[in-house]
$ cat run_17.cif   # mmCIF, C-alpha atoms and all ligand atoms
data_final
#
loop_
_atom_site.label_atom_id
_atom_site.label_comp_id
_atom_site.auth_asym_id
_atom_site.auth_seq_id
_atom_site.Cartn_x
_atom_site.Cartn_y
_atom_site.Cartn_z
CA MET A 50 17.32 19.60 -11.49
CA ASN A 51 16.08 17.31 -8.81
CA PHE A 52 13.55 15.52 -11.05
CA ILE A 53 15.97 14.75 -13.87
CA ARG A 54 18.67 13.52 -11.55
CA VAL A 55 16.35 11.28 -9.56
CA ALA A 56 14.53 10.09 -12.67
CA LEU A 57 17.78 9.19 -14.42
CA GLN A 58 18.97 7.42 -11.32
CA ALA A 59 15.67 5.59 -10.95
CA LYS A 60 14.95 4.73 -14.55
CA GLY A 61 18.17 5.03 -16.57
CA PRO A 62 18.49 7.34 -19.62
CA ARG A 63 16.69 5.19 -22.18
CA ALA A 64 13.69 4.56 -19.96
CA THR A 65 13.55 8.28 -19.09
CA LEU A 66 13.38 9.21 -22.78
CA ARG A 67 10.65 6.62 -23.37
CA ARG A 68 8.83 8.00 -20.38
CA VAL A 69 8.92 11.57 -21.70
CA ARG A 70 7.41 10.36 -25.00
CA SER A 71 4.67 8.35 -23.36
CA LEU A 72 3.87 11.20 -20.96
CA ALA A 73 3.17 13.47 -23.89
CA ALA A 74 0.62 10.91 -25.09
CA ARG A 75 -1.05 10.42 -21.71
CA TYR A 76 -1.24 13.93 -20.31
CA GLY A 77 -2.78 16.75 -22.30
CA PHE A 78 -2.34 20.50 -22.04
CA SER A 79 -5.62 20.63 -20.14
CA PRO A 80 -6.57 18.25 -17.31
CA ARG A 81 -9.17 16.58 -19.59
CA LYS A 82 -7.13 13.45 -20.39
CA MET A 83 -6.16 12.77 -16.80
CA ALA A 84 -9.70 13.53 -15.62
CA GLN A 85 -10.94 10.86 -18.04
CA ALA A 86 -8.35 8.36 -16.81
CA LEU A 87 -9.33 9.07 -13.20
CA GLN A 88 -13.01 8.67 -13.99
CA GLN A 89 -12.35 5.37 -15.73
CA LEU A 90 -10.53 4.16 -12.63
CA ALA A 91 -13.27 5.42 -10.33
CA ALA A 92 -15.94 3.62 -12.40
CA LEU A 93 -14.01 0.34 -12.16
CA LEU A 94 -13.60 0.76 -8.40
CA ARG A 95 -17.31 1.51 -8.00
CA LYS A 96 -18.18 -1.63 -9.97
CA TYR A 97 -16.42 -3.69 -7.27
CA ASP A 98 -17.64 -1.44 -4.49
CA CYS A 99 -14.21 -0.53 -3.24
CA GLY A 100 -12.37 2.62 -2.34
CA ALA A 101 -8.81 3.56 -3.19
CA THR A 102 -6.08 5.95 -2.14
CA PHE A 103 -4.71 8.48 -4.60
CA PRO A 104 -1.70 10.39 -3.30
CA ILE A 105 -1.55 13.73 -5.16
CA THR A 106 0.89 16.63 -5.04
CA ALA A 107 -0.58 19.68 -3.30
CA VAL A 108 0.34 21.94 -6.22
CA ALA A 109 -1.57 19.74 -8.69
CA LEU A 110 -4.57 19.75 -6.36
CA ALA A 111 -4.41 23.54 -6.01
CA ARG A 112 -4.19 24.04 -9.79
CA HIS A 113 -7.04 21.70 -10.73
CA PRO A 114 -9.36 21.24 -7.76
CA GLN A 115 -12.34 20.82 -10.13
CA VAL A 116 -10.99 17.45 -11.32
CA ILE A 117 -11.61 15.78 -7.95
CA ALA A 118 -14.36 18.03 -6.53
CA ASP A 119 -17.10 15.64 -7.44
CA GLU A 120 -19.57 13.23 -5.84
CA ARG A 121 -17.80 10.41 -7.69
CA TRP A 122 -14.75 10.73 -5.42
CA ARG A 123 -16.72 10.05 -2.28
CA HIS A 124 -15.04 6.66 -1.75
CA ILE A 125 -11.58 7.83 -2.69
CA GLU A 126 -8.96 8.96 -0.20
CA PHE A 127 -6.57 11.66 -1.38
CA ALA A 128 -3.23 11.44 0.41
CA VAL A 129 -0.32 13.86 0.10
CA HIS A 130 2.31 13.09 -2.57
CA GLY A 131 4.50 16.04 -1.57
CA TYR A 132 3.80 19.74 -1.80
CA THR A 133 5.72 19.49 -5.06
CA HIS A 134 7.13 16.38 -6.70
CA ILE A 135 10.63 16.35 -5.20
CA ASP A 136 12.94 14.03 -3.30
CA TYR A 137 12.16 15.10 0.27
CA THR A 138 15.10 13.23 1.78
CA ARG A 139 17.37 15.89 0.16
CA LEU A 140 15.74 18.77 2.05
CA PRO A 141 16.79 19.95 5.51
CA GLN A 142 14.19 19.18 8.14
CA GLU A 143 12.84 22.76 8.47
CA GLU A 144 12.14 22.83 4.73
CA GLN A 145 10.55 19.39 4.83
CA LEU A 146 8.26 20.63 7.59
CA ALA A 147 7.37 23.80 5.72
CA HIS A 148 6.43 21.76 2.62
CA LEU A 149 4.45 19.19 4.58
CA ARG A 150 2.50 21.78 6.59
CA ARG A 151 1.77 23.80 3.48
CA ALA A 152 0.55 20.65 1.70
CA ARG A 153 -1.89 19.85 4.52
CA GLN A 154 -3.15 23.45 4.41
CA VAL A 155 -3.79 23.20 0.67
CA PHE A 156 -5.71 19.95 1.21
CA ALA A 157 -7.70 21.49 4.06
CA ALA A 158 -8.54 24.52 1.92
CA HIS A 159 -10.13 22.06 -0.54
CA GLY A 160 -12.07 20.25 2.16
CA LEU A 161 -9.68 17.28 2.40
CA THR A 162 -8.17 16.04 5.65
CA ALA A 163 -4.87 14.52 4.66
CA THR A 164 -3.68 11.88 7.12
CA GLY A 165 -1.35 9.95 4.82
CA PHE A 166 1.78 10.57 2.83
CA ARG A 167 3.60 8.85 0.01
CA SER A 168 6.90 10.30 -1.20
CA PRO A 169 7.71 11.09 -4.78
CA TYR A 170 9.99 8.25 -5.96
CA LEU A 171 9.19 6.52 -2.62
CA ARG A 172 12.27 8.26 -1.15
CA HIS A 173 12.22 7.92 2.60
CA ASP A 174 14.37 8.00 5.73
CA ALA A 175 13.99 8.43 9.47
CA THR A 176 14.27 12.24 9.34
CA LEU A 177 11.41 12.51 6.86
CA ASN A 178 9.29 10.21 9.02
CA ARG A 179 9.92 12.46 12.03
CA SER A 180 8.90 15.50 9.96
CA LEU A 181 5.73 13.70 8.82
CA ALA A 182 4.74 12.93 12.41
CA LYS A 183 5.49 16.51 13.44
CA ALA A 184 3.39 17.88 10.58
CA GLY A 185 0.46 15.81 11.83
CA PHE A 186 0.44 12.88 9.41
CA SER A 187 -0.70 9.58 10.77
CA TYR A 188 0.67 7.13 8.23
CA VAL A 189 3.30 6.84 5.48
CA SER A 190 3.40 4.37 2.59
CA ASN A 191 6.93 4.38 1.19
CA GLN A 192 8.54 1.03 1.90
CA PRO A 193 8.66 -0.99 -1.34
CA PHE A 194 7.98 -4.70 -1.05
CA LEU A 195 8.87 -6.90 -4.03
CA TRP A 196 6.68 -9.97 -4.46
CA ASP A 197 8.47 -12.97 -5.88
CA VAL A 198 6.24 -13.28 -8.95
CA LEU A 199 8.28 -12.40 -12.05
CA THR A 200 9.41 -15.24 -14.29
CA GLU A 201 12.35 -15.20 -16.75
CA ALA A 202 9.87 -14.52 -19.54
CA ASP A 203 8.55 -11.40 -17.78
CA VAL A 204 11.99 -9.76 -17.98
CA PRO A 205 13.03 -9.67 -21.67
CA PRO A 206 16.81 -9.33 -22.33
CA GLN A 207 16.51 -5.69 -23.53
CA ALA A 208 14.76 -4.74 -20.25
CA ARG A 209 17.16 -6.45 -17.87
CA THR A 210 19.38 -3.43 -17.19
CA ALA A 211 16.45 -1.05 -16.62
CA HIS A 212 14.83 -3.62 -14.36
CA GLN A 213 18.03 -4.09 -12.38
CA HIS A 214 18.32 -0.30 -12.07
CA ALA A 215 14.85 -0.10 -10.58
CA LEU A 216 15.57 -2.81 -8.04
CA GLU A 217 18.78 -1.11 -6.95
CA PHE A 218 17.04 2.24 -6.69
CA TYR A 219 14.10 0.98 -4.64
CA ALA A 220 16.03 -1.55 -2.54
CA PRO A 221 12.74 -3.32 -1.80
CA TRP A 222 11.96 -5.67 1.04
CA ARG A 223 11.42 -9.22 -0.13
CA PRO A 224 9.81 -12.37 1.16
CA PRO A 225 10.51 -14.50 3.10
CA THR A 226 12.84 -12.29 5.21
CA HIS A 227 10.24 -9.51 5.37
CA GLN A 228 6.48 -9.40 5.59
CA SER A 229 4.20 -7.09 3.69
CA LEU A 230 2.42 -5.86 6.81
CA PRO A 231 1.95 -2.42 8.36
CA ARG A 232 3.97 -1.57 11.45
CA ILE A 233 3.91 1.11 14.06
CA ALA A 234 7.05 3.23 13.74
CA GLY A 235 7.10 5.95 16.37
CA GLU A 236 3.98 8.04 15.85
CA LEU A 237 3.40 6.78 12.30
CA VAL A 238 1.92 3.65 10.82
CA GLU A 239 4.15 2.46 7.98
CA ILE A 240 2.35 0.67 5.17
CA PRO A 241 4.45 -1.12 2.53
CA VAL A 242 3.81 -0.57 -1.18
CA SER A 243 4.01 -3.53 -3.56
CA LEU A 244 6.26 -4.09 -6.56
CA PRO A 245 6.17 -4.78 -9.46
CA ASP A 246 3.95 -1.72 -9.91
CA ASP A 247 2.51 -0.29 -13.12
CA GLU A 248 5.61 1.78 -13.80
CA MET A 249 7.91 -1.23 -13.61
CA LEU A 250 5.64 -3.39 -15.74
CA VAL A 251 4.63 -0.88 -18.41
CA GLU A 252 7.72 1.32 -18.78
CA ARG A 253 10.55 -1.06 -18.01
CA LEU A 254 9.26 -4.53 -18.81
CA GLN A 255 6.88 -3.36 -21.55
CA ALA A 256 4.36 -5.90 -20.35
CA SER A 257 1.09 -6.51 -22.19
CA SER A 258 -2.27 -6.13 -20.42
CA GLU A 259 -2.47 -9.92 -20.04
CA ARG A 260 0.98 -10.08 -18.49
CA ILE A 261 0.17 -7.25 -16.07
CA ALA A 262 -3.00 -9.10 -15.03
CA ARG A 263 -1.07 -12.33 -14.49
CA VAL A 264 1.68 -10.65 -12.44
CA TRP A 265 -0.79 -8.78 -10.25
CA LEU A 266 -2.91 -11.88 -9.71
CA GLY A 267 0.32 -13.60 -8.68
CA GLU A 268 0.90 -10.80 -6.13
CA LEU A 269 -2.67 -11.12 -4.83
CA HIS A 270 -2.34 -14.89 -4.40
CA ALA A 271 1.06 -14.57 -2.70
CA ALA A 272 -0.34 -12.01 -0.25
CA TYR A 273 -3.35 -14.26 0.33
CA ARG A 274 -1.24 -17.33 1.05
CA ARG A 275 0.89 -15.38 3.49
CA GLY A 276 -2.03 -13.51 5.07
CA GLU A 277 -0.41 -10.20 4.18
CA LEU A 278 -1.20 -6.93 2.43
CA LEU A 279 -1.03 -6.22 -1.28
CA THR A 280 -0.74 -2.47 -1.82
CA LEU A 281 -1.21 -2.23 -5.53
CA GLN A 282 0.40 0.84 -7.10
CA LEU A 283 -1.16 2.03 -10.34
CA HIS A 284 -0.54 5.61 -11.50
CA PRO A 285 -3.84 6.86 -12.97
CA GLU A 286 -1.93 8.09 -16.04
CA ARG A 287 -1.53 4.39 -16.97
CA ALA A 288 -5.14 3.50 -16.18
CA LEU A 289 -5.81 2.36 -19.73
CA ALA A 290 -2.83 -0.01 -19.92
CA CYS A 291 -3.60 -1.43 -16.47
CA ALA A 292 -7.41 -1.53 -16.37
CA ALA A 293 -7.60 -5.24 -17.26
CA GLY A 294 -5.01 -6.08 -14.59
CA LEU A 295 -6.83 -4.07 -11.95
CA GLU A 296 -10.16 -5.63 -12.84
CA ALA A 297 -8.69 -9.15 -12.66
CA VAL A 298 -7.36 -8.41 -9.16
CA LEU A 299 -10.62 -6.86 -7.92
CA GLN A 300 -12.72 -9.68 -9.32
CA GLU A 301 -10.53 -12.35 -7.75
CA ALA A 302 -10.25 -10.50 -4.43
CA ARG A 303 -14.05 -10.21 -4.21
CA ALA A 304 -14.47 -13.94 -5.00
CA LEU A 305 -11.93 -15.43 -2.56
CA ARG A 306 -13.19 -17.11 0.65
CA PRO A 307 -12.15 -16.50 3.41
CA ALA A 308 -12.45 -12.88 2.35
CA VAL A 309 -9.83 -10.38 1.29
CA TRP A 310 -10.24 -7.10 3.16
CA ILE A 311 -10.20 -4.36 0.52
CA ALA A 312 -9.48 -1.04 2.17
CA ARG A 313 -7.97 2.39 1.69
CA LEU A 314 -4.63 3.22 3.27
CA ASP A 315 -6.26 5.52 5.87
CA GLU A 316 -8.54 2.65 6.91
CA ILE A 317 -5.62 0.24 7.08
CA ALA A 318 -3.61 2.70 9.18
CA ALA A 319 -6.55 3.27 11.54
CA TRP A 320 -7.09 -0.48 11.87
CA TRP A 321 -3.44 -1.19 12.59
CA ARG A 322 -3.35 1.51 15.25
CA ALA A 323 -6.52 0.17 16.86
CA ARG A 324 -5.21 -3.40 16.62
CA SER A 325 -2.03 -2.34 18.46
CA THR A 326 -4.15 -1.33 21.48
CA ALA A 327 -5.67 -4.81 21.82
CA SER A 328 -4.63 -6.84 24.82
CA LEU A 329 -4.53 -10.56 25.26
CA LYS A 330 -4.89 -12.25 28.62
CA LEU A 331 -4.12 -15.92 29.25
CA THR A 332 -5.22 -17.46 32.54
CA PRO A 333 -4.50 -21.08 33.50
CA VAL A 334 -7.67 -23.00 34.36
CA ASP A 335 -6.09 -26.38 35.02
CA GLU A 336 -2.97 -28.25 33.99
CA HIS A 337 -3.93 -28.43 30.29
CA THR A 338 -6.49 -25.68 29.91
CA THR A 339 -5.96 -21.97 29.45
CA ARG A 340 -8.67 -19.30 29.34
CA VAL A 341 -8.07 -16.71 26.62
CA ARG A 342 -9.55 -13.21 26.76
CA VAL A 343 -8.90 -10.54 24.17
CA SER A 344 -10.07 -6.97 24.37
CA GLY A 345 -9.59 -4.72 21.40
CA PRO A 346 -11.37 -2.97 18.55
CA ALA A 347 -14.50 -4.43 16.92
CA GLY A 348 -13.45 -7.09 14.42
CA ILE A 349 -10.40 -8.25 16.38
CA ALA A 350 -9.69 -11.98 16.01
CA LEU A 351 -7.00 -14.42 17.16
CA GLN A 352 -4.86 -17.03 15.51
CA VAL A 353 -3.90 -20.18 17.40
CA ARG A 354 -1.35 -22.88 16.53
CA GLY A 355 -0.51 -26.16 18.24
CA ALA A 356 -3.47 -26.24 20.64
CA GLN A 357 -7.06 -27.43 20.72
CA VAL A 358 -9.48 -24.50 20.60
CA LEU A 359 -12.74 -25.04 22.49
CA ALA A 360 -14.64 -22.65 20.21
CA PRO A 361 -15.51 -22.48 16.50
CA THR A 362 -12.44 -22.04 14.31
CA GLN A 363 -11.56 -21.67 10.69
CA ALA A 364 -8.30 -22.75 9.03
CA GLN A 365 -6.00 -19.89 8.03
CA GLY A 366 -2.76 -21.31 6.64
CA THR A 367 -1.03 -23.11 9.52
CA TRP A 368 -3.24 -21.23 12.01
CA GLN A 369 -6.73 -21.64 13.37
CA LEU A 370 -8.68 -18.41 13.32
CA VAL A 371 -10.94 -17.67 16.30
CA THR A 372 -13.33 -14.72 16.24
CA GLU A 373 -14.66 -15.26 19.80
CA THR A 374 -13.17 -12.87 22.35
CA GLU A 375 -13.25 -15.37 25.22
CA PHE A 376 -12.60 -19.11 24.93
CA ASP A 377 -10.55 -22.00 26.30
CA LEU A 378 -7.50 -23.73 24.85
CA ARG A 379 -6.28 -27.22 25.61
CA ALA A 380 -2.64 -28.04 25.07
CA ASP A 381 0.06 -30.28 26.54
CA ALA A 382 2.69 -27.57 26.30
CA PRO A 383 2.30 -23.88 27.22
CA VAL A 384 0.84 -21.69 24.46
CA THR A 385 3.00 -18.60 23.98
CA PRO A 386 1.58 -15.24 22.92
CA VAL A 387 3.64 -13.99 19.92
CA GLU A 388 3.87 -10.89 17.77
CA ILE A 389 2.88 -11.13 14.11
CA HIS A 390 6.18 -9.46 13.13
CA ASN A 391 8.15 -11.87 15.23
CA THR A 392 6.54 -15.29 15.15
CA PRO A 393 8.80 -18.34 15.65
CA GLU A 394 8.68 -20.99 12.91
CA ARG A 395 7.11 -23.61 15.15
CA GLY A 396 5.65 -24.27 18.58
CA ALA A 397 2.27 -23.72 20.18
CA ALA A 398 1.42 -20.05 19.84
CA ILE A 399 -1.36 -17.49 19.91
CA ARG A 400 -1.41 -14.05 18.30
CA LEU A 401 -3.71 -11.28 17.11
CA ALA A 402 -4.96 -11.96 13.59
CA PRO A 403 -3.68 -9.30 11.20
CA TRP A 404 -6.97 -8.22 9.63
CA PRO A 405 -10.43 -7.37 10.92
CA GLU A 406 -13.36 -9.82 10.90
CA GLY A 407 -11.05 -12.74 10.23
CA ALA A 408 -10.16 -11.66 6.69
CA GLN A 409 -7.43 -13.81 5.17
CA SER A 410 -5.41 -10.95 3.62
CA ALA A 411 -5.76 -7.30 2.68
CA LEU A 412 -5.73 -5.34 -0.53
CA ALA A 413 -5.28 -1.60 -1.05
CA ILE A 414 -5.53 0.07 -4.44
CA THR A 415 -3.30 3.14 -4.67
CA GLY A 416 -2.26 5.42 -7.49
CA ASP A 417 0.09 8.39 -7.27
CA ILE A 418 -1.02 11.48 -9.16
CA ASP A 419 2.15 13.38 -10.08
CA GLY A 420 0.25 16.01 -12.03
CA LEU A 421 -2.91 16.45 -14.05
CA THR A 422 -1.55 18.15 -17.14
CA LEU A 423 1.62 18.09 -19.16
CA TRP A 424 2.37 21.51 -17.65
CA ASP A 425 2.19 20.09 -14.13
CA TYR A 426 4.49 17.36 -15.26
CA GLY A 427 6.93 19.78 -16.88
CA LEU A 428 6.89 22.11 -13.89
CA ARG A 429 8.13 19.25 -11.71
CA ILE A 430 11.52 19.73 -13.38
CA TRP A 431 11.81 22.98 -11.43
CA GLY A 432 10.27 21.47 -8.34
CA ARG A 433 7.11 23.55 -8.73
ZN ZN A 501 5.10 10.47 -8.16
#

$ encode --input "run_17.cif" --output "structure tokens" --more "lines below"
Ligand SMILES: [Zn+2]
Amino acid sequence: MNFIRVALQAKGPRATLRRVRSLAARYGFSPRKMAQALQQLAALLRKYDCGATFPITAVALARHPQVIADERWRHIEFAVHGYTHIDYTRLPQEEQLAHLRRARQVFAAHGLTATGFRSPYLRHDATLNRSLAKAGFSYVSNQPFLWDVLTEADVPPQARTAHQHALEFYAPWRPPTHQSLPRIAGELVEIPVSLPDDEMLVERLQASSERIARVWLGELHAAYRRGELLTLQLHPERALACAAGLEAVLQEARALRPAVWIARLDEIAAWWRARSTASLKLTPVDEHTTRVRVSGPAGIALQVRGAQVLAPTQAQGTWQLVTETEFDLRADAPVTPVEIHNTPERGAAIRLAPWPEGAQSALAITGDIDGLTLWDYGLRIWGR
């Protein structure tokens, strides 16, 4: 009874009951309802010319391959959301590996190369990450990151306990102690996933469409200010309730200048890996001048603080963005190369910009597909 236990732990009994009722309304006995929801999402994404990542369980894919075997899904990445919808941290490593390998085989049999993984319930630990690397995955997106965007009014008194439950269950990273940025962890790229997500807003906080839009715009603006990544999580089963919120985010992200890089998780993982191979060389020219050379993937840029850049720059928060790969700096004090994950509060510094082509921040649209019919959903109770 893995599902019930984890669901009760994650959501609390009242929210679980509500969830069962709303599931019955959203899923049908055939995949028609979910197919419609997915198509609605895909149409919205096409309108803004952006891709998305939908993690799906291998069993749901195997049961209903026709739902996603379509030209319309060309821009969508399907990642693995488990072979079945279970808490993988409870399985011994050999079983984890068997599930993960089988899931990749199912994807391959349907013409999909799965490089990414998101756990059911976002459950993760170091053992699972080792299994994922062993099974050939290249990235994982399980670390919740809670943006500081909810106001008192967003959390009505009757929802406070359920909301608290969720926060304890997810134990999310928060700003300012953490950054919502990918990192290289062993052989995997880890990509955080943002909260509040659709589940938190719709099921627990019973937020209206307008409120969802406002909260998500708040997340987008916070990520933009900090130059970080917003990984929006929107289960396609709630596409209708969240369409206005998603559209508000896409519209704003497309309008902002400097640009927001909208990308799928596989693209973000590939970029972060490529970025990690870049090398920065500083050579003194004279007492106050340093020659900077960066070699790295196409689109690599640098951020400089506390020095005069003898090349075109663009303001990016407290940094100056430089897209040239060779230029000179003038400064009275030495300019230290720093890591984006480990940048001191002040002092002259230079580092690799986080995103390609000098984008200010990044946005990924993701939506976990737990199942495509009520049967799929029900079968999860037995871990099928
Ligand atoms: Zn799920």

$ closest_atom_pairs --input "run_17.cif" --of "stretch 323-419 of chain A" --to "stretch 255-273 of chain A" --cutoff "8 Å" --atoms "all atoms listed in the file" --output "Markdown table"
| residue | atom | partner | partner_atom | distance |
| --- | --- | --- | --- | --- |
| A:Gln409 | CA | A:Tyr273 | CA | 6.3 |
| A:Ser410 | CA | A:Tyr273 | CA | 5.1 |
| A:Ala411 | CA | A:Tyr273 | CA | 7.7 |
| A:Leu412 | CA | A:Leu269 | CA | 7.8 |

$ residues_near_ligand --input "run_17.cif" --ligand "ligand ZN 501 (chain A)" --cutoff "7 Å" --atoms "only C-alpha atoms and all ligand atoms" --output "list in words"
His130, His134, Pro169, Tyr170, Asp417, Ile418 and Asp419 of chain A

$ closest_residue --input "run_17.cif" --among "A:Ala163, A:Ala220, A:Leu87, A:Ile349" --to "A:Asp315" --atoms "all atoms listed in the file"
A:Ala163

$ closest_residue --input "run_17.cif" --among "A:Pro206, A:Pro80, A:Pro346, A:Gly165" --to "A:Ile240" --atoms "only C-alpha atoms"
A:Gly165

$ atom_distance --input "run_17.cif" --atom1 "atom CA of A:Glu120" --atom2 "atom CA of A:Ile105"
18.0 Å

$ axis_aligned_box --input "run_17.cif" --around "stretch 239-246 of chain A" --padding-each-side "3 Å" --output "lines of an AutoDock Vina configuration file"
center_x = 4.3
center_y = -1.2
center_z = -1.0
size_x = 9.9
size_y = 13.2
size_z = 23.9

$ closest_residue --input "run_17.cif" --among "A:Leu140, A:Ala175, A:Leu278, A:Leu283" --to "A:Asp247" --atoms "all atoms listed in the file"
A:Leu283

$ closest_residue --input "run_17.cif" --among "A:Pro225, A:Leu254, A:Val108, A:Gln85" --to "A:Gln213" --atoms "all atoms listed in the file"
A:Leu254

$ decode --input "run_17.cif" --residues "stretch 116-135 of chain A" --atoms "N, CA and C atoms" --output "short mmCIF file (atom, residue, chain, number, x, y, z; two decimals), in the first residue's frame"
data_model
loop_
_atom_site.label_atom_id
_atom_site.label_comp_id
_atom_site.auth_asym_id
_atom_site.auth_seq_id
_atom_site.Cartn_x
_atom_site.Cartn_y
_atom_site.Cartn_z
N VAL A 116 -1.62 7.92 -27.25
CA VAL A 116 -1.91 9.27 -26.77
C VAL A 116 -0.77 10.24 -27.10
N ILE A 117 0.47 9.74 -27.09
CA ILE A 117 1.58 10.66 -27.35
C ILE A 117 2.31 10.38 -28.67
N ALA A 118 1.82 9.37 -29.42
CA ALA A 118 2.46 9.05 -30.70
C ALA A 118 1.84 9.94 -31.77
N ASP A 119 2.32 11.15 -31.84
CA ASP A 119 1.65 12.15 -32.66
C ASP A 119 2.65 13.25 -32.99
N GLU A 120 2.53 13.80 -34.16
CA GLU A 120 3.34 14.91 -34.64
C GLU A 120 3.33 16.08 -33.62
N ARG A 121 2.19 16.25 -32.97
CA ARG A 121 2.04 17.37 -32.04
C ARG A 121 3.03 17.34 -30.88
N TRP A 122 3.60 16.17 -30.60
CA TRP A 122 4.49 16.05 -29.43
C TRP A 122 5.95 16.23 -29.80
N ARG A 123 6.17 16.69 -31.03
CA ARG A 123 7.53 16.85 -31.52
C ARG A 123 8.40 17.68 -30.57
N HIS A 124 7.83 18.73 -29.98
CA HIS A 124 8.64 19.62 -29.14
C HIS A 124 8.63 19.23 -27.67
N ILE A 125 7.97 18.13 -27.38
CA ILE A 125 7.85 17.72 -25.98
C ILE A 125 8.86 16.62 -25.67
N GLU A 126 9.49 16.76 -24.51
CA GLU A 126 10.37 15.70 -24.02
C GLU A 126 9.59 14.83 -23.04
N PHE A 127 9.65 13.52 -23.23
CA PHE A 127 9.05 12.63 -22.24
C PHE A 127 10.17 12.04 -21.39
N ALA A 128 10.14 12.33 -20.10
CA ALA A 128 11.12 11.79 -19.17
C ALA A 128 10.46 10.64 -18.40
N VAL A 129 11.27 9.90 -17.66
CA VAL A 129 10.73 8.75 -16.92
C VAL A 129 10.24 9.19 -15.54
N HIS A 130 9.01 8.81 -15.21
CA HIS A 130 8.42 9.11 -13.90
C HIS A 130 8.22 7.78 -13.17
N GLY A 131 9.27 6.94 -13.22
CA GLY A 131 9.19 5.61 -12.62
C GLY A 131 8.71 4.58 -13.63
N TYR A 132 9.05 3.32 -13.37
CA TYR A 132 8.41 2.26 -14.17
C TYR A 132 6.96 2.22 -13.75
N THR A 133 6.73 2.15 -12.44
CA THR A 133 5.39 2.36 -11.88
C THR A 133 5.49 3.56 -10.94
N HIS A 134 4.34 3.97 -10.41
CA HIS A 134 4.31 5.17 -9.58
C HIS A 134 4.53 4.81 -8.11
N ILE A 135 5.79 4.54 -7.76
CA ILE A 135 6.08 4.14 -6.37
C ILE A 135 7.21 4.99 -5.81
#
